[in-house]
Amino acid sequence: MKLSRAVAAFTALATLGALSVTGPAQAAAPDRSPVAPKASYSKYVALGDSYTSAPLVPLPELLSLGCLRSTSNYPKLLAGMLHIYRFTDVSCGGADTTNMTKPQSTALGVAAPQFDALTPDTDLVTLGIGGNDFGVFGRIIDTCPKLRDSDAQGAPCRQHFTVDGVDTLKADIAKTQTRITEVAKAIKVKAPKATVVLIGYPKIAPEKGTCPDILPFADGDYGYLYSIEQELNKAAENAAKAAGALYLDTFGPSTGHDACAPDGQAWIQGKDLNLLRAFNYHPRFEGQAGVASLTLKLLTGAPQTVTADEQAGFARQARELSSKAAKTSLPEAYRAHLDRLRTGAQR
C-alpha cells in the first residue's frame with residue numbers, strides 16, 4: 001500500500017542485496033482453470049504492494065530501489081519453507097495493479113514492471129495487490145485520523161466518503177475488482193503452468209473495541225475501516241474465482257491479531273512508525289510470518305489457522321530480528337537520516 005517518499009529514501013541506505021529479476025516472458029495460451037496446489041515447486045515469483053514487500057520489517061534489502069522490500073517478508077519466508085531456490089520477489093511498496101505491466105516510479109528510481117519476472121516455467125505465483133488502486137488505502141489512512149476530533153464517538157470518516165448516498169471508497173473497490181481479475185488472468189497467460197495465489201489483507205481494526213492511542217479513528221469508523229477491508233478482500237476473492245486462481249483468506253485467521261492486539265499478538269503496526277518493527281499501518285514480522293504459514297497450509301492442504309504455539313514463535317523471531325537490527329553498525333550519515341525519518345513520522 002502507499003508509502004511516503006521519506007520512507008522510500010530510507011531504503012537507499014539499508015543493508016543486504018536484492019534478488020534478481022528474470023526477463024520478460026513469452027506469451028502462452030491462456031488457461032483459466034485452477035491449477036491444483038501441491039507441496040513441491042521449482043520456480044516462485046512474488047508480486048505485490050507494501051503489504052507484501054513489508055517496509056521496515058527487519059532487515060531490508062539493498063538495491064530494491066524505493067520498493068522497501070524486507071528480507072523477512074512472507075514471500076521469502078514461504079520460499080524457505082518450500083525449499084525453493086529459483087525465487088524472485090519483485091513486490092514494491094506503493095504498487096497498484098497498473099505496475100504489473102508498467103514501470104513504477106519510486107523516490108530512488110524506476111522499478112520494472114513486475115510481470116517481467118514471470119516466465120513460462122514459473123510454477124508458483126503469489127499476488128497481494130489492490131489496496132493502492134484509486135488510492136483507497138491511502139485516502140482512508142490519511143483522512144480518518146484527522147477527523148476523529150470532530151466526532152470521536154461517531155463515524156465522521158464514513159460520512160466524509162459518502163457522497164449523495166454512495167460510498168465512494170467502496171465504489172472504487174468495485175472497479176478494483178475488475179483490475180485484479182485482469183491481472184490474475186494475465187498471470188495465467190504469462191505463466192500457464194503456475195499455481196496462482198491471491199493473498200488477502202489481514203485485519204487492521206478489531207471486530208469489537210477501540211484503541212485510539214494505536215489506531216486513532218473515531219469509534220464508529222472502526223467498523224467502517226473493517227468494512228472497507230472486507231470489501232477489498234471480497235474483490236480479491238472474486239477476482240481469484242474469475243481467473244481460476246486460489247485465494248488466501250488472511251482476514252479471518254488474523255482475528256485477534258489486529259493493530260489493537262497486545263504486543264506479540266498484533267500482526268499490524270499502529271499509527272507510530274517503528275524503525276525496528278514496521279511502517280505505520282503495515283504488517284509487522286508476525287503478520288508476515290502468519291501469511292507465510294497460512295499460504296504454506298493452503299498449498300499443502302492443511303487447515304488454514306495459526307496456533308498459539310506458532311504465534312509465540314513468530315513473536316520470538318520478531319524480537320530477535322529487532323534486536324539484531326538495533327545492533328547493526330550504521331554509518332553516521334545513515335543514523336542522521338534515520339533521525340530525520342523518525343522526526344518526520346512524529347509530525
# chains A, B, ... in the order shown; residues from 1 in each chain; ligands from 1

call {"tool": "closest_atom_pairs", "arguments": {"of": "segment 255-302 of chain A", "to": "segment 83-107 of chain A", "cutoff": "12 Å", "atoms": "only C-alpha atoms", "output": "JSON lines"}}
result
{"residue": "A:Phe279", "atom": "CA", "partner": "A:Gly93", "partner_atom": "CA", "distance": 10.7}
{"residue": "A:His282", "atom": "CA", "partner": "A:Gly93", "partner_atom": "CA", "distance": 10.6}
{"residue": "A:Leu296", "atom": "CA", "partner": "A:His83", "partner_atom": "CA", "distance": 11.5}

call {"tool": "select_by_dssp", "arguments": {"residues": "segment 144-347 of chain A", "states": "strand (DSSP E)", "output": "number ranges by chain"}}
result
A: 162-163, 166-167, 195-199, 246-248

call {"tool": "closest_atom_pairs", "arguments": {"of": "segment 100-124 of chain A", "to": "segment 46-65 of chain A", "cutoff": "9 Å", "atoms": "only C-alpha atoms", "output": "Markdown table"}}
result
| residue | atom | partner | partner_atom | distance |
| --- | --- | --- | --- | --- |
| A:Met100 | CA | A:Leu47 | CA | 7.9 |
| A:Thr106 | CA | A:Leu65 | CA | 7.0 |
| A:Ala107 | CA | A:Leu65 | CA | 7.8 |
| A:Leu108 | CA | A:Leu65 | CA | 5.2 |
| A:Gly109 | CA | A:Leu65 | CA | 6.0 |
| A:Val110 | CA | A:Leu65 | CA | 7.4 |
| A:Ala111 | CA | A:Leu65 | CA | 7.0 |
| A:Gln114 | CA | A:Leu47 | CA | 6.5 |
| A:Phe115 | CA | A:Leu47 | CA | 8.1 |
| A:Ala117 | CA | A:Ala46 | CA | 8.7 |
| A:Leu124 | CA | A:Ala46 | CA | 8.4 |

call {"tool": "closest_residue", "arguments": {"among": "A:Asn280, A:Thr181, A:Thr305, A:Thr255", "to": "Lys208 of chain A", "atoms": "only C-alpha atoms"}}
result
A:Thr255

call {"tool": "atom_distance", "arguments": {"atom1": "atom CA of Pro156 of chain A", "atom2": "atom CA of Ala259 of chain A"}}
result
20.5 Å

call {"tool": "atom_distance", "arguments": {"atom1": "atom CA of Arg148 of chain A", "atom2": "atom CA of Phe217 of chain A"}}
result
5.5 Å

call {"tool": "atom_distance", "arguments": {"atom1": "atom CA of Leu294 of chain A", "atom2": "atom CA of Arg139 of chain A"}}
result
28.7 Å
